[in-house]
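Okay, my_file18.pdb now, which holds PDB, C-alpha atoms:
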```
MODEL        1
ATOM      1  CA  PHE N 186     240.843 105.260 156.654
ATOM      2  CA  ILE N 187     238.559 102.979 158.653
ATOM      3  CA  LEU N 188     234.857 102.165 158.497
ATOM      4  CA  THR N 189     232.823 104.226 160.954
ATOM      5  CA  PRO N 190     231.762 102.459 164.165
ATOM      6  CA  ASN N 191     228.186 102.430 162.823
ATOM      7  CA  GLY N 192     229.459 100.462 159.841
ATOM      8  CA  ARG N 193     231.550  98.165 162.005
ATOM      9  CA  ASP N 194     228.622  97.446 164.366
ATOM     10  CA  ASN N 195     225.978  97.517 161.589
ATOM     11  CA  ILE N 196     223.751  99.998 163.414
ATOM     12  CA  GLY N 197     222.404 103.484 162.709
ATOM     13  CA  ASP N 198     223.136 105.660 159.689
ATOM     14  CA  ASN N 199     226.192 106.003 157.433
ATOM     15  CA  ARG N 200     227.244 102.372 157.690
ATOM     16  CA  SER N 201     229.256 102.510 154.475
ATOM     17  CA  THR N 202     231.225 105.681 155.226
ATOM     18  CA  TYR N 203     234.868 106.000 156.256
ATOM     19  CA  MET N 204     236.949 108.289 158.443
ATOM     20  CA  PRO N 205     240.644 108.791 159.275
ATOM     21  CA  LYS N 206     242.027 106.228 161.704
ATOM     22  CA  PRO N 207     242.558 108.148 164.974
ATOM     23  CA  ALA N 208     245.610 106.211 166.175
ATOM     24  CA  LEU N 209     247.750 107.076 163.120
ATOM     25  CA  SER N 210     250.353 109.730 163.900
ATOM     26  CA  GLY N 211     253.628 108.710 162.206
ATOM     27  CA  LYS N 212     255.424 110.715 159.530
ATOM     28  CA  VAL N 213     254.555 108.325 156.694
ATOM     29  CA  ALA N 214     250.856 108.350 157.631
ATOM     30  CA  MET N 215     250.796 112.157 157.735
ATOM     31  CA  GLU N 216     252.472 112.334 154.327
ATOM     32  CA  ARG N 217     249.754 110.067 152.930
ATOM     33  CA  PHE N 218     247.008 112.219 154.415
ATOM     34  CA  ALA N 219     248.679 115.301 152.934
ATOM     35  CA  PHE N 220     248.740 113.579 149.547
ATOM     36  CA  PHE N 221     245.042 112.777 149.940
ATOM     37  CA  GLY N 222     244.490 116.478 150.632
ATOM     38  CA  MET N 223     246.291 117.293 147.384
ATOM     39  CA  LEU N 224     243.950 114.906 145.554
ATOM     40  CA  MET N 225     241.001 116.746 147.104
ATOM     41  CA  GLY N 226     242.469 120.046 145.942
ATOM     42  CA  PHE N 227     242.937 118.668 142.439
ATOM     43  CA  ALA N 228     239.305 117.537 142.392
ATOM     44  CA  LEU N 229     238.227 121.051 143.366
ATOM     45  CA  LEU N 230     240.195 122.515 140.460
ATOM     46  CA  GLN N 231     239.220 119.926 137.821
ATOM     47  CA  THR N 232     235.500 119.324 137.524
ATOM     48  CA  GLU N 233     236.122 116.123 135.543
ATOM     49  CA  ALA N 234     238.163 114.618 138.400
ATOM     50  CA  MET N 235     236.221 113.080 141.306
ATOM     51  CA  LEU N 236     237.324 110.963 144.259
ATOM     52  CA  ASP N 237     235.293 107.777 144.535
ATOM     53  CA  ILE N 238     235.278 107.536 148.320
ATOM     54  CA  GLU N 239     232.473 107.777 150.860
ATOM     55  CA  LEU N 240     233.643 109.785 153.872
ATOM     56  CA  ALA N 241     231.551 110.557 156.944
ATOM     57  CA  THR N 242     229.784 113.918 157.089
ATOM     58  CA  LEU N 243     231.716 114.621 160.286
ATOM     59  CA  PHE N 244     234.963 114.520 158.259
ATOM     60  CA  TRP N 245     233.695 117.168 155.820
ATOM     61  CA  LYS N 246     232.408 119.357 158.652
ATOM     62  CA  ARG N 247     235.788 119.298 160.357
ATOM     63  CA  ILE N 248     237.550 120.168 157.107
ATOM     64  CA  CYS N 249     235.215 123.183 156.781
ATOM     65  CA  ASP N 250     235.674 124.098 160.483
ATOM     66  CA  ILE N 251     231.929 123.773 161.127
ATOM     67  CA  GLU N 252     230.925 123.398 164.772
ATOM     68  CA  LEU N 253     229.971 119.855 165.745
ATOM     69  CA  ASP N 254     227.207 118.654 168.040
ATOM     70  CA  GLU N 255     225.895 115.381 169.433
ATOM     71  CA  THR N 256     224.089 114.460 166.208
ATOM     72  CA  ASP N 257     227.455 114.395 164.433
ATOM     73  CA  LEU N 258     228.784 111.773 166.832
ATOM     74  CA  ALA N 259     225.555 109.776 166.454
ATOM     75  CA  SER N 260     226.033 109.880 162.675
ATOM     76  CA  ILE N 261     229.192 107.782 163.024
ATOM     77  CA  ASP N 262     228.727 106.056 166.413
ATOM     78  CA  GLU N 263     225.104 105.575 167.415
ATOM     79  CA  SER N 264     225.928 103.159 170.247
ATOM     80  CA  VAL N 265     228.309 105.497 172.050
ATOM     81  CA  MET N 266     225.970 108.471 171.677
ATOM     82  CA  HIS N 267     223.129 106.424 173.126
ATOM     83  CA  ARG N 268     225.366 105.387 176.006
ATOM     84  CA  LEU N 269     226.413 108.969 176.781
ATOM     85  CA  ASN N 270     222.790 110.160 176.699
ATOM     86  CA  TYR N 271     221.868 107.354 179.076
ATOM     87  CA  ILE N 272     224.649 108.262 181.501
ATOM     88  CA  ARG N 273     223.906 111.990 181.313
ATOM     89  CA  HIS N 274     220.101 111.905 181.588
ATOM     90  CA  PHE N 275     218.707 108.552 182.730
ATOM     91  CA  VAL N 276     221.120 106.533 184.858
ATOM     92  CA  THR N 277     220.337 106.275 188.580
ATOM     93  CA  GLU N 278     223.065 106.705 191.144
ATOM     94  CA  GLU N 279     222.884 103.003 192.013
ATOM     95  CA  GLU N 280     223.212 101.984 188.370
ATOM     96  CA  PHE N 281     226.014 104.480 187.865
ATOM     97  CA  ASP N 282     228.054 103.043 190.728
ATOM     98  CA  SER N 283     227.855  99.597 189.122
ATOM     99  CA  LEU N 284     229.480 100.891 185.900
ATOM    100  CA  TYR N 285     232.866 101.605 187.565
ATOM    101  CA  LEU N 286     233.727 104.369 185.106
ATOM    102  CA  SER N 287     237.136 105.988 184.876
ATOM    103  CA  TYR N 288     238.163 109.035 182.851
ATOM    104  CA  GLU N 289     238.926 107.142 179.647
ATOM    105  CA  ALA N 290     237.290 107.086 176.216
ATOM    106  CA  ASN N 291     237.281 104.642 173.331
ATOM    107  CA  LEU N 292     237.986 106.273 169.978
ATOM    108  CA  SER N 293     236.541 105.151 166.640
ATOM    109  CA  ASP N 294     239.299 102.575 166.104
ATOM    110  CA  GLU N 295     238.712 101.255 169.666
ATOM    111  CA  SER N 296     241.982 102.717 170.923
ATOM    112  CA  VAL N 297     241.736 104.242 174.423
ATOM    113  CA  VAL N 298     242.671 107.770 175.527
ATOM    114  CA  GLU N 299     242.667 109.373 178.964
ATOM    115  CA  LEU N 300     240.286 112.300 179.364
ATOM    116  CA  VAL N 301     242.220 113.866 182.247
ATOM    117  CA  PRO N 302     245.747 113.326 183.586
ATOM    118  CA  GLU N 303     245.919 109.855 185.165
ATOM    119  CA  GLY N 304     242.379 109.323 183.920
ATOM    120  CA  SER N 305     242.648 105.538 183.974
ATOM    121  CA  ALA N 306     243.190 105.674 187.731
ATOM    122  CA  THR N 307     240.530 108.322 188.425
ATOM    123  CA  ASP N 308     236.972 107.191 189.146
ATOM    124  CA  VAL N 309     234.056 109.211 187.773
ATOM    125  CA  LYS N 310     231.642 110.413 190.450
ATOM    126  CA  PHE N 311     227.901 110.450 189.878
ATOM    127  CA  SER N 312     227.845 114.228 190.362
ATOM    128  CA  ASP N 313     230.482 114.593 187.624
ATOM    129  CA  ARG N 314     228.748 112.448 185.001
ATOM    130  CA  SER N 315     227.854 115.420 182.743
ATOM    131  CA  ARG N 316     231.470 116.591 182.753
ATOM    132  CA  TYR N 317     232.557 113.057 181.926
ATOM    133  CA  CYS N 318     230.188 112.993 178.923
ATOM    134  CA  ASP N 319     231.397 116.413 177.769
ATOM    135  CA  LEU N 320     235.029 115.269 177.938
ATOM    136  CA  TRP N 321     234.172 112.103 176.005
ATOM    137  CA  LEU N 322     232.464 114.156 173.291
ATOM    138  CA  ALA N 323     235.423 116.525 173.082
ATOM    139  CA  ALA N 324     237.815 113.600 172.726
ATOM    140  CA  ARG N 325     235.762 112.076 169.908
ATOM    141  CA  PHE N 326     235.439 115.394 168.093
ATOM    142  CA  ALA N 327     239.210 115.885 168.311
ATOM    143  CA  GLU N 328     240.205 112.362 167.231
ATOM    144  CA  GLY N 329     242.390 112.234 164.153
ATOM    145  CA  LYS N 330     243.270 115.934 164.515
ATOM    146  CA  ARG N 331     246.749 115.523 163.047
ATOM    147  CA  ALA N 332     245.342 113.669 160.060
ATOM    148  CA  LEU N 333     242.827 116.465 159.397
ATOM    149  CA  GLU N 334     245.577 119.065 159.634
ATOM    150  CA  ALA N 335     247.671 117.081 157.168
ATOM    151  CA  VAL N 336     244.722 116.863 154.732
ATOM    152  CA  LYS N 337     244.213 120.625 154.943
ATOM    153  CA  CYS N 338     247.928 121.191 154.427
ATOM    154  CA  GLY N 339     247.840 119.072 151.283
ATOM    155  CA  MET N 340     244.823 120.958 149.961
ATOM    156  CA  SER N 341     246.488 124.317 150.579
ATOM    157  CA  ARG N 342     249.299 123.402 148.182
ATOM    158  CA  LEU N 343     246.805 123.602 145.313
ATOM    159  CA  VAL N 344     243.948 125.835 146.467
ATOM    160  CA  PRO N 345     243.560 128.700 148.982
ATOM    161  CA  SER N 346     241.843 126.231 151.268
ATOM    162  CA  HIS N 347     241.201 128.465 154.299
ATOM    163  CA  ARG N 348     239.363 131.172 152.352
ATOM    164  CA  LEU N 349     237.611 128.663 150.096
ATOM    165  CA  LEU N 350     236.422 126.312 152.836
ATOM    166  CA  SER N 351     235.056 129.169 154.939
ATOM    167  CA  LEU N 352     232.525 129.816 152.164
ATOM    168  CA  MET N 353     231.322 126.218 151.858
ATOM    169  CA  SER N 354     229.032 123.867 153.694
ATOM    170  CA  GLU N 355     230.196 120.310 154.271
ATOM    171  CA  ARG N 356     227.722 119.074 151.645
ATOM    172  CA  GLU N 357     228.974 121.506 149.001
ATOM    173  CA  LEU N 358     232.580 120.471 149.572
ATOM    174  CA  GLN N 359     231.693 116.783 149.419
ATOM    175  CA  ARG N 360     229.868 117.236 146.114
ATOM    176  CA  LEU N 361     232.742 119.164 144.563
ATOM    177  CA  VAL N 362     235.325 116.584 145.631
ATOM    178  CA  CYS N 363     233.372 113.335 145.243
ATOM    179  CA  GLY N 364     230.490 114.213 142.958
ATOM    180  CA  GLU N 365     226.902 113.173 143.529
ATOM    181  CA  ALA N 366     226.643 109.664 144.916
ATOM    182  CA  ASP N 367     224.159 107.669 142.851
ATOM    183  CA  PHE N 368     223.455 104.090 141.876
ATOM    184  CA  ASP N 369     222.246 102.264 138.801
ATOM    185  CA  VAL N 370     218.659 101.100 139.340
ATOM    186  CA  ALA N 371     219.257  98.216 136.956
ATOM    187  CA  GLU N 372     222.166  97.058 139.148
ATOM    188  CA  LEU N 373     219.959  97.046 142.250
ATOM    189  CA  ARG N 374     217.215  95.261 140.328
ATOM    190  CA  LYS N 375     219.716  92.621 139.268
ATOM    191  CA  HIS N 376     220.541  91.956 142.928
ATOM    192  CA  THR N 377     216.957  91.753 144.195
ATOM    193  CA  THR N 378     214.962  88.733 145.337
ATOM    194  CA  TYR N 379     211.252  88.511 146.075
ATOM    195  CA  GLY N 380     209.464  87.315 149.169
ATOM    196  CA  VAL N 381     205.899  87.283 150.386
ATOM    197  CA  SER N 382     203.317  87.845 147.602
ATOM    198  CA  ALA N 383     205.823  89.546 145.311
ATOM    199  CA  SER N 384     207.317  88.645 141.939
ATOM    200  CA  PRO N 385     209.416  90.643 139.448
ATOM    201  CA  ASN N 386     206.528  91.002 136.968
ATOM    202  CA  ASP N 387     203.936  92.279 139.446
ATOM    203  CA  ARG N 388     202.508  95.675 138.563
ATOM    204  CA  HIS N 389     203.435  97.286 141.882
ATOM    205  CA  VAL N 390     206.994  95.906 141.711
ATOM    206  CA  MET N 391     207.445  97.348 138.216
ATOM    207  CA  GLN N 392     206.036 100.564 139.608
ATOM    208  CA  LEU N 393     208.772 100.661 142.254
ATOM    209  CA  TRP N 394     211.525 100.558 139.637
ATOM    210  CA  GLN N 395     209.797 103.338 137.701
ATOM    211  CA  VAL N 396     209.690 105.491 140.841
ATOM    212  CA  LEU N 397     213.378 104.909 141.520
ATOM    213  CA  GLU N 398     214.262 105.801 137.936
ATOM    214  CA  ALA N 399     212.299 109.046 138.314
ATOM    215  CA  PHE N 400     214.061 109.964 141.571
ATOM    216  CA  SER N 401     216.992 112.366 141.654
ATOM    217  CA  PRO N 402     220.428 110.991 142.621
ATOM    218  CA  GLU N 403     219.987 112.395 146.135
ATOM    219  CA  GLN N 404     216.579 110.736 146.478
ATOM    220  CA  ARG N 405     217.952 107.376 145.315
ATOM    221  CA  ARG N 406     220.696 107.802 147.904
ATOM    222  CA  LEU N 407     218.051 108.347 150.595
ATOM    223  CA  PHE N 408     216.194 105.248 149.405
ATOM    224  CA  LEU N 409     219.293 103.110 149.801
ATOM    225  CA  THR N 410     219.818 104.476 153.308
ATOM    226  CA  PHE N 411     216.147 103.754 154.073
ATOM    227  CA  VAL N 412     216.289 100.118 152.989
ATOM    228  CA  TRP N 413     219.882  99.222 153.902
ATOM    229  CA  GLY N 414     221.444 101.907 156.083
ATOM    230  CA  ARG N 415     224.163 102.458 153.462
ATOM    231  CA  ASN N 416     224.818 105.158 150.893
ATOM    232  CA  ARG N 417     226.241 103.214 147.959
ATOM    233  CA  LEU N 418     225.868  99.831 146.327
ATOM    234  CA  PRO N 419     228.787  97.374 146.253
ATOM    235  CA  LEU N 420     231.075  98.010 143.291
ATOM    236  CA  THR N 421     231.803  94.414 142.257
ATOM    237  CA  GLU N 422     230.132  91.004 142.273
ATOM    238  CA  ARG N 423     232.671  89.901 144.844
ATOM    239  CA  GLU N 424     231.582  92.717 147.142
ATOM    240  CA  TRP N 425     227.932  91.815 146.583
ATOM    241  CA  GLY N 426     228.535  88.184 147.519
ATOM    242  CA  GLU N 427     225.210  86.696 148.624
ATOM    243  CA  THR N 428     223.739  90.082 149.593
ATOM    244  CA  ARG N 429     220.380  90.825 147.979
ATOM    245  CA  MET N 430     217.581  93.303 148.540
ATOM    246  CA  LYS N 431     214.369  91.408 149.267
ATOM    247  CA  ILE N 432     210.977  92.862 148.310
ATOM    248  CA  HIS N 433     207.810  91.765 150.090
ATOM    249  CA  THR N 434     204.287  92.925 149.332
ATOM    250  CA  LEU N 435     202.690  94.902 152.146
ATOM    251  CA  GLU N 436     199.137  93.663 151.801
ATOM    252  CA  SER N 437     196.328  96.027 152.765
ATOM    253  CA  ARG N 438     192.773  96.692 151.636
ATOM    254  CA  ARG N 439     193.668 100.386 151.669
ATOM    255  CA  ALA N 440     197.115 100.252 150.112
ATOM    256  CA  ASP N 441     197.112 103.947 149.192
ATOM    257  CA  ASP N 442     196.940 104.815 152.897
ATOM    258  CA  GLN N 443     200.064 102.785 153.725
ATOM    259  CA  PHE N 444     203.730 103.758 153.723
ATOM    260  CA  PRO N 445     206.491 101.361 152.667
ATOM    261  CA  LYS N 446     208.491  99.717 155.455
ATOM    262  CA  SER N 447     212.063  98.511 155.686
ATOM    263  CA  ARG N 448     214.355  96.411 157.867
ATOM    264  CA  THR N 449     217.827  97.721 157.165
ATOM    265  CA  CYS N 450     219.667  94.929 158.984
ATOM    266  CA  PHE N 451     218.105  92.457 156.540
ATOM    267  CA  PHE N 452     218.033  94.694 153.422
ATOM    268  CA  SER N 453     214.317  93.937 153.358
ATOM    269  CA  PHE N 454     211.584  96.157 151.923
ATOM    270  CA  GLU N 455     207.781  95.958 152.174
ATOM    271  CA  TRP N 456     205.999  97.678 149.286
ATOM    272  CA  PRO N 457     202.196  98.217 149.043
ATOM    273  CA  ARG N 458     200.129  97.763 145.870
ATOM    274  CA  TYR N 459     199.605 101.467 145.169
ATOM    275  CA  SER N 460     196.916 102.397 142.664
ATOM    276  CA  SER N 461     199.028 104.886 140.696
ATOM    277  CA  PHE N 462     202.582 105.990 139.976
ATOM    278  CA  GLU N 463     201.917 109.397 141.549
ATOM    279  CA  ILE N 464     200.780 107.919 144.864
ATOM    280  CA  ALA N 465     203.680 105.443 144.903
ATOM    281  CA  HIS N 466     206.150 108.240 144.197
ATOM    282  CA  GLY N 467     204.753 110.478 146.926
ATOM    283  CA  LYS N 468     204.545 107.770 149.592
ATOM    284  CA  LEU N 469     208.088 106.524 149.011
ATOM    285  CA  LEU N 470     209.518 110.035 148.883
ATOM    286  CA  TYR N 471     207.865 110.888 152.189
ATOM    287  CA  ALA N 472     209.131 107.688 153.814
ATOM    288  CA  ILE N 473     212.766 108.088 152.750
ATOM    289  CA  SER N 474     212.784 111.773 153.698
ATOM    290  CA  ASN N 475     211.305 111.350 157.167
ATOM    291  CA  CYS N 476     212.337 107.883 158.370
ATOM    292  CA  ARG N 477     216.135 107.924 158.179
ATOM    293  CA  SER N 478     216.766 105.247 160.856
ATOM    294  CA  ILE N 479     213.498 103.363 160.676
ATOM    295  CA  ASP N 480     214.565 100.112 162.315
ATOM    296  CA  ASN N 481     217.159 101.405 164.737
ATOM    297  CA  ASP N 482     214.909 101.015 167.777
ATOM    298  CA  ASN N 483     213.162  97.831 166.729
ATOM    299  CA  THR N 484     215.661  95.256 165.525
ATOM    300  CA  GLY N 485     217.232  92.779 167.869
ATOM    301  CA  GLU N 486     220.652  93.884 166.721
ATOM    302  CA  GLY N 487     219.921  97.514 167.478
ATOM    303  CA  ARG N 488     218.559  96.666 170.927
ATOM    304  CA  ALA N 489     221.532  94.442 171.685
ATOM    305  CA  ASN N 490     224.044  97.137 170.764
ATOM    306  CA  ARG N 491     222.319  99.767 172.867
ATOM    307  CA  ALA N 492     221.928  97.433 175.832
ATOM    308  CA  ARG N 493     225.607  96.544 175.644
ATOM    309  CA  TRP N 494     226.667 100.201 175.789
ATOM    310  CA  ALA N 495     224.081 101.271 178.324
ATOM    311  CA  VAL N 496     225.004  98.826 181.084
ATOM    312  CA  ALA N 497     228.420  97.399 180.361
ATOM    313  CA  PRO N 498     231.307  98.841 182.402
ATOM    314  CA  ASP N 499     234.396 100.148 180.642
TER     315      ASP N 499
ENDMDL
END
```
Could you write out this file's structure as structure tokens?
Amino acid sequence: FILTPNGRDNIGDNRSTYMPKPALSGKVAMERFAFFGMLMGFALLQTEAMLDIELATLFWKRICDIELDETDLASIDESVMHRLNYIRHFVTEEEFDSLYLSYEANLSDESVVELVPEGSATDVKFSDRSRYCDLWLAARFAEGKRALEAVKCGMSRLVPSHRLLSLMSERELQRLVCGEADFDVAELRKHTTYGVSASPNDRHVMQLWQVLEAFSPEQRRLFLTFVWGRNRLPLTEREWGETRMKIHTLESRRADDQFPKSRTCFFSFEWPRYSSFEIAHGKLLYAISNCRSIDNDNTGEGRANRARWAVAPD
């Protein structure tokens, strides 16, 4: 398994999730994927057994044979999806000609595949740009197909996977196999520093920890995505390294009218001085539920990634 392109490029959602490496096709690799499928089947049969692995939603959808769309590619590769949208809807003919595109696509592991026979030697015409984008999407949705088939084969040795999976959503299957992703609030608190006008003993900072404790596991998961673009905390001190969440006070004369803000690339969080636990709880819940990629359009890193994909030739 490899980190999703979003994780590799540190942009967009699901930066801590993994997916099968597309280029793997050998017998040994397929046997390992089949064994992983058996582990998934075992987890489905034994409620006490869970797999501690964070796989992309796209992986679970493909296992359940759920139809994919452009949002699924964006969930693992925001830069490429932005590039394809630009080519399909916004590029001018003059700009398009300067891209010198051929019928090739980069997969999630940066390996290259041809989209049509002799695609590397076939130029894409401006009038065919939508077809080019469709072929690119199809190639990305089909990447790692043999690995997925091997996983399903392994599952079928323990459970009637075809009938079972047809009754499940991707989220239901993920929960049954991996459990509910959650984190220890005390662990996050231990790895937190304080910036502008904030200290660990401030009333509003203490209020934040109380809100997080009151959240459900799914809501805490959304909070972590909101502030860091990841779904889980590091497991060890070595993985934490120097990484820390940093809390700043969002100063305002009308704090109860403000929403918290985050900068996921910096693991930075701005928290107002709310007047009550109830208001703090409601404001944070609204923010994490409705602002899933809050800094994607505004950070220098996000702009740089999109600019690179929008104008750079293959």
Apply the PyMOL selection byres ((chain N and resi 250) around 12) to the structure shown and report the selected residues as JSON, numbers by chain. {"N": [243, 244, 245, 246, 247, 248, 249, 251, 252, 253, 326, 327, 330, 333, 334, 337, 346, 347, 348, 349, 350, 351, 352, 353, 354, 355, 358]}
List the neighbours of N:Val298 out to 9 Å using all atoms listed in the file; skip same-chain residues closer than 4 positions along the sequence, and give me the result as a ChimeraX atom specification. /N:288-292,304-305,324
Report as a list of chain:residue names the residues that result from applying the PyMOL selection byres ((chain N and resi 406) around 9) to the structure here.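 Those residues are N:Ala366, N:Asp367, N:Phe368, N:Ser401, N:Pro402, N:Glu403, N:Gln404, N:Arg405, N:Leu407, N:Phe408, N:Leu409, N:Thr410, N:Phe411, N:Arg415, N:Asn416, N:Arg417.
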The residue from N:Leu322, N:Ile196, N:Leu361, N:Val265 with the smallest atom-to-atom distance to N:Leu230, counting all atoms listed in the file, is N:Leu361
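Here, the PyMOL selection byres ((chain N and resi 192) around 10) matches N:Ile187, N:Leu188, N:Thr189, N:Pro190, N:Asn191, N:Arg193, N:Asp194, N:Asn195, N:Ile196, N:Gly197, N:Asp198, N:Asn199, N:Arg200, N:Ser201, N:Thr202, N:Tyr203, N:Ile261, N:Asp262, N:Gly414, N:Arg415.
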Spatial neighbours of N:Asp282, max dist 10 Å, all atoms listed in the file, sep filter under 6 positions, as number ranges by chain: N: 276, 308-311, 498
For N:Ser461, the nearest of the candidates N:Met391, N:Ala208, N:Met223, N:Leu373, counting all atoms listed in the file: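 Nearest candidate to N:Ser461 out of N:Met391, N:Ala208, N:Met223, N:Leu373: N:Met391.
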Separation of atom CA of N:Glu299 from atom CA of N:Arg314 in Å: 15.5 Å
Expected residue set, 12 Å radius at (247.1, 121.5, 147.5), only C-alpha atoms, as a PDB file with C-alpha atoms, in the frame of the given file:
```
ATOM      1  CA  PHE N 218     247.008 112.219 154.415  1.00  0.00           C
ATOM      2  CA  ALA N 219     248.679 115.301 152.934  1.00  0.00           C
ATOM      3  CA  PHE N 220     248.740 113.579 149.547  1.00  0.00           C
ATOM      4  CA  PHE N 221     245.042 112.777 149.940  1.00  0.00           C
ATOM      5  CA  GLY N 222     244.490 116.478 150.632  1.00  0.00           C
ATOM      6  CA  MET N 223     246.291 117.293 147.384  1.00  0.00           C
ATOM      7  CA  LEU N 224     243.950 114.906 145.554  1.00  0.00           C
ATOM      8  CA  MET N 225     241.001 116.746 147.104  1.00  0.00           C
ATOM      9  CA  GLY N 226     242.469 120.046 145.942  1.00  0.00           C
ATOM     10  CA  PHE N 227     242.937 118.668 142.439  1.00  0.00           C
ATOM     11  CA  ALA N 228     239.305 117.537 142.392  1.00  0.00           C
ATOM     12  CA  LEU N 229     238.227 121.051 143.366  1.00  0.00           C
ATOM     13  CA  LEU N 230     240.195 122.515 140.460  1.00  0.00           C
ATOM     14  CA  ALA N 335     247.671 117.081 157.168  1.00  0.00           C
ATOM     15  CA  VAL N 336     244.722 116.863 154.732  1.00  0.00           C
ATOM     16  CA  LYS N 337     244.213 120.625 154.943  1.00  0.00           C
ATOM     17  CA  CYS N 338     247.928 121.191 154.427  1.00  0.00           C
ATOM     18  CA  GLY N 339     247.840 119.072 151.283  1.00  0.00           C
ATOM     19  CA  MET N 340     244.823 120.958 149.961  1.00  0.00           C
ATOM     20  CA  SER N 341     246.488 124.317 150.579  1.00  0.00           C
ATOM     21  CA  ARG N 342     249.299 123.402 148.182  1.00  0.00           C
ATOM     22  CA  LEU N 343     246.805 123.602 145.313  1.00  0.00           C
ATOM     23  CA  VAL N 344     243.948 125.835 146.467  1.00  0.00           C
ATOM     24  CA  PRO N 345     243.560 128.700 148.982  1.00  0.00           C
ATOM     25  CA  SER N 346     241.843 126.231 151.268  1.00  0.00           C
ATOM     26  CA  HIS N 347     241.201 128.465 154.299  1.00  0.00           C
TER      27      HIS N 347
END
```
Two-atom distance - atom CA of N:Phe281, atom CA of N:Ser296 (Å): 23.3 Å
Taking only C-alpha atoms into account, name the residue in N:Glu303, N:Ser447, N:Ser283, N:Asn270 that is nearest to N:Ser315.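 Among N:Glu303, N:Ser447, N:Ser283, N:Asn270, it is N:Asn270 that comes nearest to N:Ser315.
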Smallest atom-to-atom distance to N:Arg439: which of N:Ser460, N:Asp257, N:Phe451, N:Trp394, using only C-alpha atoms?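 When distances to N:Arg439 are compared using only C-alpha atoms, the smallest one comes from N:Ser460.
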Which neighbours of N:Trp321 fall inside 7 Å, counting all atoms listed in the file, when residues of the same chain fewer than 4 positions from it are skipped, and could you give them as a list in words?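 Non-adjacent residues within range: Ala290, Leu300, Tyr317 and Arg325 of chain N.
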Polymer residues at most 12 Å from N:Glu436, all atoms listed in the file, same-chain spacing of 4 or more positions, as a PyMOL selection string: chain N and resi 381-383+389+440-446+455-459
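Nearest to N:Ser264 of all the residues N:Glu463, N:Asp319, N:Thr277, N:Ser293 is N:Ser293, based on only C-alpha atoms.
If you look at atom CA of N:His376 and atom CA of N:Asp237, they are 21.7 Å away from each other.
Among the candidate residues N:Thr377, N:Cys476, N:Val297, N:Ala399, the one lying nearest to N:Thr428 is N:Thr377, with distances computed using only C-alpha atoms.
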